[in-house]
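Source file: data-v5.csv (CSV, C-alpha atoms and all ligand atoms)
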```csv
chain,number,residue,atom,x,y,z
A,300,MET,CA,29.5,-72.1,-32.4
A,301,LEU,CA,31.8,-69.4,-31.2
A,302,GLU,CA,30.5,-67.0,-33.8
A,303,GLN,CA,27.0,-67.3,-32.3
A,304,GLN,CA,28.3,-67.0,-28.8
A,305,LEU,CA,30.1,-63.7,-29.8
A,306,GLU,CA,27.0,-62.4,-31.4
A,307,SER,CA,24.9,-63.0,-28.3
A,308,ILE,CA,27.7,-61.6,-26.0
A,309,GLU,CA,27.6,-58.4,-28.1
A,310,GLN,CA,23.8,-58.1,-28.1
A,311,GLU,CA,23.6,-58.9,-24.4
A,312,ALA,CA,26.2,-56.2,-23.6
A,313,ILE,CA,24.5,-53.6,-25.7
A,314,SER,CA,21.1,-54.2,-24.3
A,315,THR,CA,22.3,-54.0,-20.6
A,316,LEU,CA,24.3,-50.8,-21.4
A,317,ASP,CA,20.9,-49.1,-22.1
A,318,ASN,CA,20.0,-49.4,-18.5
A,319,VAL,CA,23.2,-47.9,-17.2
A,320,ASP,CA,22.6,-44.4,-15.9
A,321,ASP,CA,25.5,-43.4,-13.7
A,322,ALA,CA,29.3,-43.8,-13.5
A,323,GLU,CA,29.1,-46.6,-10.9
A,324,ALA,CA,26.8,-48.7,-12.9
A,325,LEU,CA,29.0,-48.1,-16.0
A,326,GLU,CA,32.1,-49.4,-14.2
A,327,THR,CA,30.2,-52.5,-13.1
A,328,TRP,CA,29.1,-53.0,-16.8
A,329,ARG,CA,32.7,-52.5,-18.0
A,330,VAL,CA,34.0,-55.1,-15.6
A,331,ALA,CA,31.3,-57.6,-16.5
A,332,ASN,CA,31.6,-57.1,-20.3
A,333,LEU,CA,35.2,-56.2,-21.0
A,334,GLY,CA,37.0,-57.3,-17.8
A,335,ARG,CA,39.3,-60.2,-17.4
A,336,SER,CA,36.7,-62.7,-16.4
A,337,SER,CA,34.1,-61.5,-18.9
A,338,PRO,CA,32.5,-63.9,-21.4
A,339,LEU,CA,34.3,-62.0,-24.3
A,340,MET,CA,37.7,-62.6,-22.7
A,341,GLY,CA,36.7,-66.3,-22.3
A,342,VAL,CA,36.3,-66.4,-26.1
A,343,PHE,CA,39.8,-65.1,-26.5
A,344,ASP,CA,41.1,-67.7,-24.1
A,345,GLN,CA,39.5,-70.4,-26.2
A,346,LEU,CA,41.1,-69.3,-29.5
A,347,GLY,CA,44.2,-71.5,-28.8
A,348,GLN,CA,42.1,-74.6,-28.7
A,349,LEU,CA,40.5,-74.0,-32.1
A,350,PRO,CA,41.6,-75.7,-35.3
A,351,LYS,CA,44.3,-73.5,-36.9
A,352,GLU,CA,42.2,-72.6,-40.0
A,353,GLU,CA,39.3,-71.2,-37.9
A,354,ARG,CA,41.4,-69.0,-35.6
A,355,PRO,CA,41.9,-66.0,-37.8
A,356,ALA,CA,38.1,-65.5,-38.6
A,357,ILE,CA,37.0,-66.0,-35.0
A,358,GLY,CA,39.9,-63.9,-33.7
A,359,ARG,CA,38.9,-61.1,-36.1
A,360,LEU,CA,35.3,-61.3,-35.1
A,361,ALA,CA,36.2,-61.3,-31.3
A,362,ASN,CA,38.3,-58.2,-31.9
A,363,GLN,CA,35.4,-56.5,-33.7
A,364,VAL,CA,33.1,-57.2,-30.8
A,365,LYS,CA,35.7,-55.9,-28.3
A,366,GLN,CA,36.2,-52.7,-30.3
A,367,SER,CA,32.5,-52.2,-30.7
A,368,LEU,CA,31.9,-52.6,-26.9
A,369,GLU,CA,34.8,-50.3,-26.1
A,370,SER,CA,33.5,-47.6,-28.3
A,371,LYS,CA,30.0,-48.0,-26.9
A,372,HIS,CA,31.6,-47.6,-23.4
A,373,ALA,CA,33.4,-44.4,-24.4
A,374,GLY,CA,30.2,-43.0,-25.9
A,375,LYS,CA,28.4,-43.8,-22.7
A,376,VAL,CA,31.1,-42.0,-20.6
A,377,GLU,CA,30.6,-38.8,-22.7
A,378,PHE,CA,26.8,-39.2,-22.5
A,379,LEU,CA,26.9,-39.5,-18.7
A,380,LYS,CA,29.2,-36.4,-18.4
A,381,LEU,CA,26.8,-34.3,-20.4
A,382,ALA,CA,23.8,-35.6,-18.4
A,383,ASP,CA,25.6,-34.7,-15.2
A,384,LEU,CA,26.3,-31.2,-16.4
A,385,ARG,CA,22.7,-30.7,-17.5
A,386,ARG,CA,21.4,-31.9,-14.2
A,387,SER,CA,23.7,-29.6,-12.2
A,388,LEU,CA,22.7,-26.6,-14.4
A,389,GLU,CA,19.1,-27.3,-13.8
A,390,THR,CA,19.3,-28.0,-10.1
A,391,GLU,CA,22.0,-25.7,-8.9
A,392,GLN,CA,21.2,-22.5,-10.8
A,393,LEU,CA,20.1,-20.8,-7.6
A,394,ASP,CA,23.1,-20.0,-5.6
A,395,VAL,CA,21.6,-19.4,-2.1
A,396,THR,CA,24.9,-18.1,-0.8
A,397,LEU,CA,24.7,-14.9,-2.9
A,398,PRO,CA,23.1,-11.9,-1.2
A,399,GLY,CA,19.6,-11.3,-2.4
A,400,ARG,CA,18.5,-8.3,-4.4
A,401,ASN,CA,16.1,-6.0,-2.6
A,402,ILE,CA,12.7,-5.5,-4.3
A,403,PRO,CA,11.5,-1.9,-3.5
A,404,ILE,CA,8.2,-2.0,-1.8
A,405,GLY,CA,5.8,0.9,-2.0
A,406,ARG,CA,4.0,2.3,1.0
A,407,LEU,CA,1.1,4.6,1.9
A,408,HIS,CA,1.7,8.3,1.9
A,409,PRO,CA,2.0,9.6,5.4
A,410,ILE,CA,-1.1,11.7,5.0
A,411,THR,CA,-3.0,8.6,3.8
A,412,GLN,CA,-1.8,6.7,6.8
A,413,THR,CA,-3.1,9.5,9.1
A,414,LEU,CA,-6.4,9.7,7.2
A,415,ARG,CA,-7.0,6.0,7.6
A,416,GLN,CA,-6.3,6.2,11.3
A,417,ILE,CA,-8.9,9.0,11.6
A,418,TYR,CA,-11.4,7.0,9.5
A,419,GLN,CA,-10.9,4.0,11.8
A,420,ILE,CA,-11.4,5.9,15.0
A,421,PHE,CA,-14.6,7.6,13.8
A,422,ALA,CA,-15.9,4.4,12.2
A,423,GLU,CA,-15.7,2.8,15.7
A,424,MET,CA,-17.9,5.6,16.9
A,425,GLY,CA,-20.4,5.0,14.2
A,426,PHE,CA,-19.4,7.7,11.7
A,427,GLN,CA,-19.6,7.0,8.0
A,428,VAL,CA,-17.3,8.5,5.3
A,429,TYR,CA,-19.1,10.9,3.0
A,430,GLN,CA,-17.3,12.0,-0.2
A,431,SER,CA,-18.1,15.5,-1.5
A,432,ARG,CA,-17.0,17.3,-4.6
A,433,ASP,CA,-13.7,19.4,-4.9
A,434,VAL,CA,-15.3,21.9,-7.3
A,435,GLU,CA,-17.9,24.1,-5.7
A,436,THR,CA,-20.0,27.1,-6.2
A,437,ASP,CA,-19.6,30.2,-4.1
A,438,GLU,CA,-23.1,29.5,-2.7
A,439,TYR,CA,-22.1,26.1,-1.2
A,440,ASN,CA,-18.6,27.1,-0.3
A,441,PHE,CA,-19.6,30.3,1.5
A,442,GLN,CA,-23.2,31.5,1.4
A,443,LEU,CA,-25.1,28.5,2.7
A,444,LEU,CA,-22.4,28.2,5.4
A,445,ASN,CA,-23.4,31.6,6.7
A,446,PHE,CA,-20.5,33.5,4.9
A,447,PRO,CA,-22.6,36.2,3.1
A,448,PRO,CA,-20.8,38.2,0.3
A,449,HIS,CA,-18.3,40.6,1.8
A,450,HIS,CA,-18.2,38.7,5.1
A,451,PRO,CA,-14.7,39.3,6.7
A,452,ALA,CA,-14.1,35.6,7.3
A,453,ARG,CA,-13.9,35.1,3.5
A,454,GLU,CA,-10.6,37.1,3.6
A,455,MET,CA,-8.9,34.1,5.2
A,456,GLN,CA,-10.1,31.7,2.4
A,457,ASP,CA,-9.2,33.1,-1.0
A,458,SER,CA,-9.8,30.4,-3.6
A,459,PHE,CA,-8.9,29.5,-7.2
A,460,TYR,CA,-11.8,30.5,-9.5
A,461,ILE,CA,-12.8,28.6,-12.6
A,462,GLU,CA,-13.3,30.6,-15.7
A,463,GLY,CA,-16.5,30.1,-17.7
A,464,GLU,CA,-20.1,31.4,-18.2
A,465,PHE,CA,-21.0,31.5,-14.6
A,466,ASP,CA,-23.2,33.8,-12.6
A,467,ASP,CA,-21.2,36.7,-11.2
A,468,GLU,CA,-22.9,36.4,-7.9
A,469,ASN,CA,-22.2,32.7,-7.7
A,470,PRO,CA,-18.8,31.9,-9.2
A,471,VAL,CA,-17.3,28.4,-9.5
A,472,LEU,CA,-14.3,27.7,-7.4
A,473,LEU,CA,-12.1,25.0,-5.8
A,474,ARG,CA,-13.4,24.4,-2.3
A,475,THR,CA,-11.5,26.2,0.4
A,476,HIS,CA,-12.6,23.8,3.1
A,477,THR,CA,-14.6,20.5,3.3
A,478,SER,CA,-17.5,22.3,5.0
A,479,PRO,CA,-19.7,22.7,1.8
A,480,GLY,CA,-20.0,18.9,2.1
A,481,GLN,CA,-22.1,19.5,5.2
A,482,ILE,CA,-24.8,21.2,3.1
A,483,HIS,CA,-24.7,18.5,0.4
A,484,ALA,CA,-25.0,15.7,3.0
A,485,MET,CA,-27.8,17.3,5.0
A,486,ARG,CA,-29.8,18.0,1.8
A,487,GLU,CA,-29.3,14.4,0.6
A,488,TYR,CA,-30.3,12.9,3.9
A,489,ALA,CA,-33.2,15.4,4.3
A,490,GLU,CA,-34.5,14.4,0.8
A,491,GLU,CA,-35.2,10.9,2.1
A,492,ASN,CA,-37.8,12.1,4.5
A,493,PRO,CA,-38.3,15.9,4.4
A,494,HIS,CA,-40.8,15.9,7.3
A,495,ASP,CA,-38.6,13.9,9.7
A,496,PRO,CA,-35.1,13.8,8.3
A,497,PRO,CA,-32.8,11.0,9.6
A,498,PRO,CA,-29.9,11.6,12.0
A,499,ILE,CA,-26.5,12.1,10.5
A,500,ARG,CA,-23.1,10.9,11.7
A,501,ILE,CA,-20.5,11.4,9.0
A,502,ILE,CA,-16.9,12.5,8.4
A,503,LEU,CA,-16.0,14.3,5.1
A,504,PRO,CA,-12.4,13.9,4.1
A,505,GLY,CA,-10.8,15.5,1.1
A,506,MET,CA,-8.5,18.0,-0.6
A,507,CYS,CA,-9.0,21.7,-0.1
A,508,TYR,CA,-7.4,24.6,-2.0
A,509,ARG,CA,-6.5,28.1,-1.1
A,510,HIS,CA,-4.9,30.9,-3.1
A,511,GLU,CA,-2.3,32.0,-0.6
A,512,GLN,CA,1.4,32.3,-0.2
A,513,VAL,CA,3.1,28.9,0.2
A,514,THR,CA,5.2,28.8,3.3
A,515,THR,CA,6.6,26.1,5.6
A,516,ARG,CA,3.2,26.2,7.4
A,517,ALA,CA,0.8,26.8,4.5
A,518,GLU,CA,0.3,25.0,1.2
A,519,SER,CA,-2.1,25.9,-1.7
A,520,GLN,CA,-3.6,22.4,-1.4
A,521,PHE,CA,-4.1,20.3,1.7
A,522,THR,CA,-6.4,17.7,3.2
A,523,GLN,CA,-9.1,18.3,5.7
A,524,VAL,CA,-11.4,16.0,7.6
A,525,GLU,CA,-14.8,17.5,8.5
A,526,GLY,CA,-17.2,15.9,10.9
A,527,LEU,CA,-20.9,16.3,11.2
A,528,ALA,CA,-23.5,14.9,13.6
A,529,VAL,CA,-27.1,16.1,13.4
A,530,GLY,CA,-30.1,14.8,15.2
A,531,LYS,CA,-32.5,15.4,18.1
A,532,ASP,CA,-31.0,16.3,21.5
A,533,ILE,CA,-27.4,16.6,20.4
A,534,THR,CA,-25.7,18.9,22.8
A,535,PHE,CA,-22.3,20.5,23.3
A,536,SER,CA,-21.5,17.6,25.8
A,537,ASP,CA,-21.8,15.2,22.9
A,538,LEU,CA,-19.3,17.3,21.0
A,539,LYS,CA,-16.9,17.4,23.9
A,540,GLY,CA,-17.2,13.7,24.6
A,541,THR,CA,-16.7,12.7,20.9
A,542,LEU,CA,-13.7,14.9,20.4
A,543,SER,CA,-12.0,14.2,23.7
A,544,ASP,CA,-12.4,10.5,23.0
A,545,PHE,CA,-11.0,11.0,19.5
A,546,ASN,CA,-7.9,12.8,20.9
A,547,LYS,CA,-7.3,10.0,23.3
A,548,ARG,CA,-7.5,7.3,20.6
A,549,MET,CA,-5.4,9.3,18.2
A,550,PHE,CA,-2.7,10.7,20.6
A,551,GLY,CA,-2.7,8.4,23.6
A,552,MET,CA,-5.2,7.5,26.4
A,553,GLN,CA,-3.6,9.9,28.9
A,554,VAL,CA,-3.9,13.0,26.7
A,555,ARG,CA,-6.0,15.8,28.0
A,556,SER,CA,-8.1,18.1,25.8
A,557,ARG,CA,-8.9,21.7,26.2
A,558,PHE,CA,-11.8,23.6,24.5
A,559,ARG,CA,-11.2,27.3,23.9
A,560,ALA,CA,-13.9,29.7,22.7
A,561,SER,CA,-13.5,30.8,19.1
A,562,HIS,CA,-15.6,32.0,16.1
A,563,PHE,CA,-16.6,30.4,12.9
A,564,PRO,CA,-19.5,31.7,10.8
A,565,PHE,CA,-21.1,28.2,10.4
A,566,THR,CA,-21.1,27.1,14.1
A,567,GLU,CA,-22.4,28.8,17.3
A,568,PRO,CA,-21.0,28.5,19.8
A,569,SER,CA,-17.6,27.7,18.4
A,570,ALA,CA,-14.4,26.3,19.9
A,571,GLU,CA,-10.8,25.4,19.1
A,572,VAL,CA,-9.6,22.2,20.6
A,573,ASP,CA,-6.1,21.8,22.0
A,574,ILE,CA,-4.4,18.7,23.4
A,575,GLU,CA,-1.8,18.7,26.0
A,576,CYS,CA,1.6,18.7,24.3
A,577,PHE,CA,2.7,15.1,23.8
A,578,VAL,CA,6.3,16.1,23.4
A,579,CYS,CA,6.8,17.8,26.8
A,580,GLY,CA,3.7,16.5,28.6
A,581,GLY,CA,2.4,20.0,29.1
A,582,LYS,CA,5.6,21.5,30.6
A,583,GLY,CA,6.4,23.7,27.6
A,584,CYS,CA,8.8,23.1,24.8
A,585,PRO,CA,9.6,24.5,21.3
A,586,VAL,CA,7.0,22.3,19.6
A,587,CYS,CA,4.2,23.7,21.7
A,588,LYS,CA,5.8,27.2,21.7
A,589,ARG,CA,6.2,26.9,25.5
A,590,THR,CA,2.4,26.9,26.1
A,591,GLY,CA,2.1,23.2,26.9
A,592,TRP,CA,-0.8,22.8,24.4
A,593,LEU,CA,-1.1,22.0,20.7
A,594,GLU,CA,-4.0,23.2,18.6
A,595,ILE,CA,-5.6,20.2,16.8
A,596,LEU,CA,-9.0,21.2,15.4
A,597,GLY,CA,-11.9,23.7,15.3
A,598,CYS,CA,-15.5,22.8,16.1
A,599,GLY,CA,-18.8,24.0,17.3
A,600,MET,CA,-22.6,23.5,17.3
A,601,VAL,CA,-24.0,23.7,13.8
A,602,HIS,CA,-25.4,27.2,13.3
A,603,PRO,CA,-29.2,27.3,13.0
A,604,ILE,CA,-28.9,29.0,9.6
A,605,VAL,CA,-26.8,26.2,8.3
A,606,LEU,CA,-29.2,23.6,9.6
A,607,GLN,CA,-32.0,25.4,8.0
A,608,ASN,CA,-30.1,25.6,4.7
A,609,GLY,CA,-29.5,21.8,4.9
A,610,GLY,CA,-33.2,21.1,5.3
A,611,TYR,CA,-33.1,20.4,9.1
A,612,ASP,CA,-35.5,22.5,11.2
A,613,PRO,CA,-33.3,24.2,13.9
A,614,LYS,CA,-36.2,24.2,16.3
A,615,ILE,CA,-36.2,20.4,16.3
A,616,TYR,CA,-32.7,19.4,15.3
A,617,THR,CA,-29.3,20.3,16.7
A,618,GLY,CA,-25.8,19.1,15.7
A,619,PHE,CA,-22.1,19.6,16.0
A,620,ALA,CA,-19.4,19.9,13.4
A,621,PHE,CA,-15.6,19.9,13.5
A,622,GLY,CA,-12.7,20.2,11.1
A,623,MET,CA,-9.1,19.0,11.4
A,624,GLY,CA,-6.0,19.0,9.2
A,625,PRO,CA,-4.3,15.7,8.7
A,626,GLU,CA,-1.1,17.5,7.6
A,627,ARG,CA,-0.9,19.4,10.8
A,628,ILE,CA,-1.6,16.2,12.9
A,629,THR,CA,1.1,14.3,10.9
A,630,MET,CA,3.6,17.2,11.3
A,631,LEU,CA,3.0,17.3,15.1
A,632,ARG,CA,3.3,13.6,15.5
A,633,TYR,CA,6.5,13.2,13.5
A,634,ARG,CA,7.9,16.7,14.0
A,635,VAL,CA,7.9,17.5,10.3
A,636,GLU,CA,9.1,21.1,10.0
A,637,ASP,CA,7.9,21.9,6.5
A,638,ILE,CA,4.4,21.2,5.1
A,639,ARG,CA,5.8,21.3,1.6
A,640,TYR,CA,7.6,18.0,2.1
A,641,PHE,CA,4.2,16.2,1.7
A,642,TRP,CA,3.8,17.1,-1.9
A,643,ALA,CA,7.5,17.4,-3.0
A,644,ASN,CA,7.5,13.6,-3.9
A,645,ASP,CA,11.0,13.2,-2.4
A,646,LEU,CA,11.5,9.6,-1.6
A,647,ARG,CA,14.1,10.5,1.1
A,648,PHE,CA,11.2,12.0,3.0
A,649,LEU,CA,8.4,9.6,2.1
A,650,GLU,CA,10.5,6.5,2.9
A,651,GLN,CA,10.7,7.5,6.5
A,652,PHE,CA,7.0,6.6,7.1
A,701,ZN,ZN,5.5,20.9,24.4
```
Representation of the structure as structure tokens:
Amino acid sequence: MLEQQLESIEQEAISTLDNVDDAEALETWRVANLGRSSPLMGVFDQLGQLPKEERPAIGRLANQVKQSLESKHAGKVEFLKLADLRRSLETEQLDVTLPGRNIPIGRLHPITQTLRQIYQIFAEMGFQVYQSRDVETDEYNFQLLNFPPHHPAREMQDSFYIEGEFDDENPVLLRTHTSPGQIHAMREYAEENPHDPPPIRIILPGMCYRHEQVTTRAESQFTQVEGLAVGKDITFSDLKGTLSDFNKRMFGMQVRSRFRASHFPFTEPSAEVDIECFVCGGKGCPVCKRTGWLEILGCGMVHPIVLQNGGYDPKIYTGFAFGMGPERITMLRYRVEDIRYFWANDLRFLEQF
């Protein structure tokens, strides 16, 4: 009778231990199964009432059950400790009190930032971006733009020539300005309808190359943004309006523009455009060399010979063109003293933008 009772006490205790999953529940289990008022202790209490000859066997059996339950209890204590540790490793591995590690974030090159601003302003005025080639022939870089061989203006734009089996009269070179793109663009547009070519409104950004001494003001490679508008009834007023508006959007709505007569072979008439110095407001300072004005770009009405070379009849069509240097604009805006910083790849410089 007591033997069966001990057996069921043990089975019951073992099966309820399976459901124990924390220290509090384990203590409740210990009190219920090994505590003073537990059924097992009740069996020990009854031993004295048993016939003498049965006591040793039942006593031994009761002790075995007690030891078995105690060892199961000890095993469960260890198991819960490990489970606790595992849980804390899993959930507390991120110590939010530690300072974070900085992930370096790249950024756009200052010239790219300036270029994108220029694109945006002209996009709002209806100009599209036209990409032209970096490698050109003398014909496109000079001749078609009204720089005949031996023209003195060529002196200012010595280039890097590419070796090969080329025509001596028409060598291949790295473009010295973005202007040859004007001819490519006009010819491409004119091809669509040679008898009535469509109007053009484009900007031509890109890298230019000059074989000249590198100084704080001059690099052997630099970016330029060319602009070209061709159509019927385009006048110098359109040129002035477009560029004055550009200057306002680029440098501030109060900024005043000044057009000075100049000369370029591929425009007639030609002008240089200055803006009122945004450092001193026109009073004169070292940045504007005490003049109150900053030179920003060159421009003019497209020369009839250039229109002709592009496939646009200068008796019917007119146009204007301009060219600016994003390096110069960036240098003026951020007072960068040396153009060579832009290509030196020094993070101490680049990270400031
Ligand atoms: Zn100034």
>> Using all atoms listed in the file, which protein or nucleic acid residues come within 10 Å of Ala620 of chain A? Drop anything in the same chain fewer than 3 positions from it, and give the result as a list of chain:residue names.
In response: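 Listing them by chain and then by number gives A:Ser478, A:Gln481, A:Arg500, A:Ile501, A:Ile502, A:Glu525, A:Gly526, A:Leu527, A:Ala528, A:Val529, A:Leu538, A:Phe565, A:Thr566, A:Ser569, A:Gly597, A:Cys598, A:Gly599, A:Met600, A:Val601, A:His602.
Atom to atom, atom CA of Arg639 of chain A and atom CA of Phe652 of chain A stand 15.7 Å apart.
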> What is the atom CA of Gly480 of chain A to atom CA of Glu464 of chain A distance in Å?
Replying inline: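 These two atoms are separated by 23.8 Å.
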> Near Asp467 of chain A, within 12 Å and counting all atoms listed in the file, which residues show up once chain neighbours fewer than 4 positions away are dropped, as a PyMOL selection string?
Replying inline: chain A and resi 436-438+448+460-463+471-472
For the selection you just gave me, I'd like the residues written to a file as a short mmCIF file (atom, residue, chain, number, x, y, z; two decimals), in the frame of the given file, keeping C-alpha atoms.
```cif
data_model
loop_
_atom_site.label_atom_id
_atom_site.label_comp_id
_atom_site.auth_asym_id
_atom_site.auth_seq_id
_atom_site.Cartn_x
_atom_site.Cartn_y
_atom_site.Cartn_z
CA THR A 436 -20.00 27.10 -6.20
CA ASP A 437 -19.60 30.20 -4.10
CA GLU A 438 -23.10 29.50 -2.70
CA PRO A 448 -20.80 38.20 0.30
CA TYR A 460 -11.80 30.50 -9.50
CA ILE A 461 -12.80 28.60 -12.60
CA GLU A 462 -13.30 30.60 -15.70
CA GLY A 463 -16.50 30.10 -17.70
CA VAL A 471 -17.30 28.40 -9.50
CA LEU A 472 -14.30 27.70 -7.40
#
```
> Near Gln310 of chain A, counting only C-alpha atoms, which residues have an atom at most 12 Å away, once you skip same-chain residues fewer than 6 positions from it, shown as a ChimeraX atom specification?
Replying inline: /A:303-304,316-317,332,339,364,367-368,371
Resulting file, chosen residues, C-alpha atoms, as an mmCIF file, in the coordinates of the input:
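What follows is the written file out_37.cif:
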```cif
data_model
loop_
_atom_site.group_PDB
_atom_site.id
_atom_site.type_symbol
_atom_site.label_atom_id
_atom_site.label_comp_id
_atom_site.auth_asym_id
_atom_site.auth_seq_id
_atom_site.Cartn_x
_atom_site.Cartn_y
_atom_site.Cartn_z
ATOM 1 C CA GLN A 303 27.000 -67.300 -32.300
ATOM 2 C CA GLN A 304 28.300 -67.000 -28.800
ATOM 3 C CA LEU A 316 24.300 -50.800 -21.400
ATOM 4 C CA ASP A 317 20.900 -49.100 -22.100
ATOM 5 C CA ASN A 332 31.600 -57.100 -20.300
ATOM 6 C CA LEU A 339 34.300 -62.000 -24.300
ATOM 7 C CA VAL A 364 33.100 -57.200 -30.800
ATOM 8 C CA SER A 367 32.500 -52.200 -30.700
ATOM 9 C CA LEU A 368 31.900 -52.600 -26.900
ATOM 10 C CA LYS A 371 30.000 -48.000 -26.900
#
```
Can you fill out segment 639-646 of chain A with all heavy atoms and hand it back as a PDB file, keeping the file's coordinate frame?
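For reference, selection.pdb as written:
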```pdb
ATOM      1  N   ARG A 639       5.584  21.548   2.987  1.00  0.00           N
ATOM      2  CA  ARG A 639       5.800  21.300   1.600  1.00  0.00           C
ATOM      3  C   ARG A 639       6.408  19.951   1.259  1.00  0.00           C
ATOM      4  O   ARG A 639       6.327  19.456   0.146  1.00  0.00           O
ATOM      5  CB  ARG A 639       6.720  22.430   0.999  1.00  0.00           C
ATOM      6  CG  ARG A 639       6.013  23.788   1.014  1.00  0.00           C
ATOM      7  CD  ARG A 639       6.942  24.904   0.663  1.00  0.00           C
ATOM      8  NE  ARG A 639       7.989  25.056   1.675  1.00  0.00           N
ATOM      9  CZ  ARG A 639       8.849  26.069   1.692  1.00  0.00           C
ATOM     10  NH1 ARG A 639       8.807  27.004   0.766  1.00  0.00           N
ATOM     11  NH2 ARG A 639       9.774  26.155   2.644  1.00  0.00           N
ATOM     12  N   TYR A 640       7.010  19.299   2.269  1.00  0.00           N
ATOM     13  CA  TYR A 640       7.600  18.000   2.100  1.00  0.00           C
ATOM     14  C   TYR A 640       6.486  16.976   1.573  1.00  0.00           C
ATOM     15  O   TYR A 640       6.761  16.055   0.820  1.00  0.00           O
ATOM     16  CB  TYR A 640       8.148  17.399   3.352  1.00  0.00           C
ATOM     17  CG  TYR A 640       9.475  17.989   3.755  1.00  0.00           C
ATOM     18  CD1 TYR A 640       9.692  18.378   5.073  1.00  0.00           C
ATOM     19  CD2 TYR A 640      10.508  18.135   2.840  1.00  0.00           C
ATOM     20  CE1 TYR A 640      10.914  18.914   5.469  1.00  0.00           C
ATOM     21  CE2 TYR A 640      11.726  18.667   3.225  1.00  0.00           C
ATOM     22  CZ  TYR A 640      11.925  19.061   4.540  1.00  0.00           C
ATOM     23  OH  TYR A 640      13.114  19.583   4.932  1.00  0.00           O
ATOM     24  N   PHE A 641       5.239  17.186   2.032  1.00  0.00           N
ATOM     25  CA  PHE A 641       4.200  16.200   1.700  1.00  0.00           C
ATOM     26  C   PHE A 641       3.899  16.096   0.244  1.00  0.00           C
ATOM     27  O   PHE A 641       3.477  15.059  -0.235  1.00  0.00           O
ATOM     28  CB  PHE A 641       2.910  16.531   2.495  1.00  0.00           C
ATOM     29  CG  PHE A 641       3.041  16.324   3.985  1.00  0.00           C
ATOM     30  CD1 PHE A 641       2.868  17.381   4.864  1.00  0.00           C
ATOM     31  CD2 PHE A 641       3.360  15.077   4.496  1.00  0.00           C
ATOM     32  CE1 PHE A 641       2.995  17.202   6.236  1.00  0.00           C
ATOM     33  CE2 PHE A 641       3.491  14.879   5.858  1.00  0.00           C
ATOM     34  CZ  PHE A 641       3.309  15.947   6.729  1.00  0.00           C
ATOM     35  N   TRP A 642       4.106  17.184  -0.499  1.00  0.00           N
ATOM     36  CA  TRP A 642       3.800  17.100  -1.900  1.00  0.00           C
ATOM     37  C   TRP A 642       5.043  17.255  -2.807  1.00  0.00           C
ATOM     38  O   TRP A 642       4.936  17.408  -4.017  1.00  0.00           O
ATOM     39  CB  TRP A 642       2.789  18.230  -2.303  1.00  0.00           C
ATOM     40  CG  TRP A 642       1.551  18.041  -1.511  1.00  0.00           C
ATOM     41  CD1 TRP A 642       1.088  18.821  -0.504  1.00  0.00           C
ATOM     42  CD2 TRP A 642       0.627  16.950  -1.612  1.00  0.00           C
ATOM     43  NE1 TRP A 642      -0.059  18.295   0.030  1.00  0.00           N
ATOM     44  CE2 TRP A 642      -0.357  17.150  -0.625  1.00  0.00           C
ATOM     45  CE3 TRP A 642       0.556  15.820  -2.433  1.00  0.00           C
ATOM     46  CZ2 TRP A 642      -1.415  16.259  -0.441  1.00  0.00           C
ATOM     47  CZ3 TRP A 642      -0.493  14.943  -2.244  1.00  0.00           C
ATOM     48  CH2 TRP A 642      -1.454  15.170  -1.264  1.00  0.00           C
ATOM     49  N   ALA A 643       6.233  17.192  -2.188  1.00  0.00           N
ATOM     50  CA  ALA A 643       7.500  17.400  -3.000  1.00  0.00           C
ATOM     51  C   ALA A 643       7.875  16.062  -3.660  1.00  0.00           C
ATOM     52  O   ALA A 643       8.754  16.063  -4.507  1.00  0.00           O
ATOM     53  CB  ALA A 643       8.583  17.853  -2.071  1.00  0.00           C
ATOM     54  N   ASN A 644       7.226  14.938  -3.298  1.00  0.00           N
ATOM     55  CA  ASN A 644       7.500  13.600  -3.900  1.00  0.00           C
ATOM     56  C   ASN A 644       9.004  13.254  -3.773  1.00  0.00           C
ATOM     57  O   ASN A 644       9.584  12.666  -4.682  1.00  0.00           O
ATOM     58  CB  ASN A 644       7.189  13.668  -5.408  1.00  0.00           C
ATOM     59  CG  ASN A 644       5.879  12.967  -5.652  1.00  0.00           C
ATOM     60  OD1 ASN A 644       5.369  12.287  -4.769  1.00  0.00           O
ATOM     61  ND2 ASN A 644       5.333  13.114  -6.844  1.00  0.00           N
ATOM     62  N   ASP A 645       9.589  13.585  -2.652  1.00  0.00           N
ATOM     63  CA  ASP A 645      11.000  13.200  -2.400  1.00  0.00           C
ATOM     64  C   ASP A 645      10.994  11.929  -1.593  1.00  0.00           C
ATOM     65  O   ASP A 645      10.542  11.879  -0.458  1.00  0.00           O
ATOM     66  CB  ASP A 645      11.659  14.359  -1.611  1.00  0.00           C
ATOM     67  CG  ASP A 645      13.157  14.118  -1.481  1.00  0.00           C
ATOM     68  OD1 ASP A 645      13.586  12.952  -1.558  1.00  0.00           O
ATOM     69  OD2 ASP A 645      13.887  15.107  -1.291  1.00  0.00           O
ATOM     70  N   LEU A 646      11.556  10.860  -2.227  1.00  0.00           N
ATOM     71  CA  LEU A 646      11.500   9.600  -1.600  1.00  0.00           C
ATOM     72  C   LEU A 646      12.315   9.566  -0.242  1.00  0.00           C
ATOM     73  O   LEU A 646      11.995   8.812   0.672  1.00  0.00           O
ATOM     74  CB  LEU A 646      12.099   8.479  -2.479  1.00  0.00           C
ATOM     75  CG  LEU A 646      11.187   8.060  -3.636  1.00  0.00           C
ATOM     76  CD1 LEU A 646      11.866   6.995  -4.475  1.00  0.00           C
ATOM     77  CD2 LEU A 646       9.856   7.538  -3.107  1.00  0.00           C
TER      78      LEU A 646
END
```
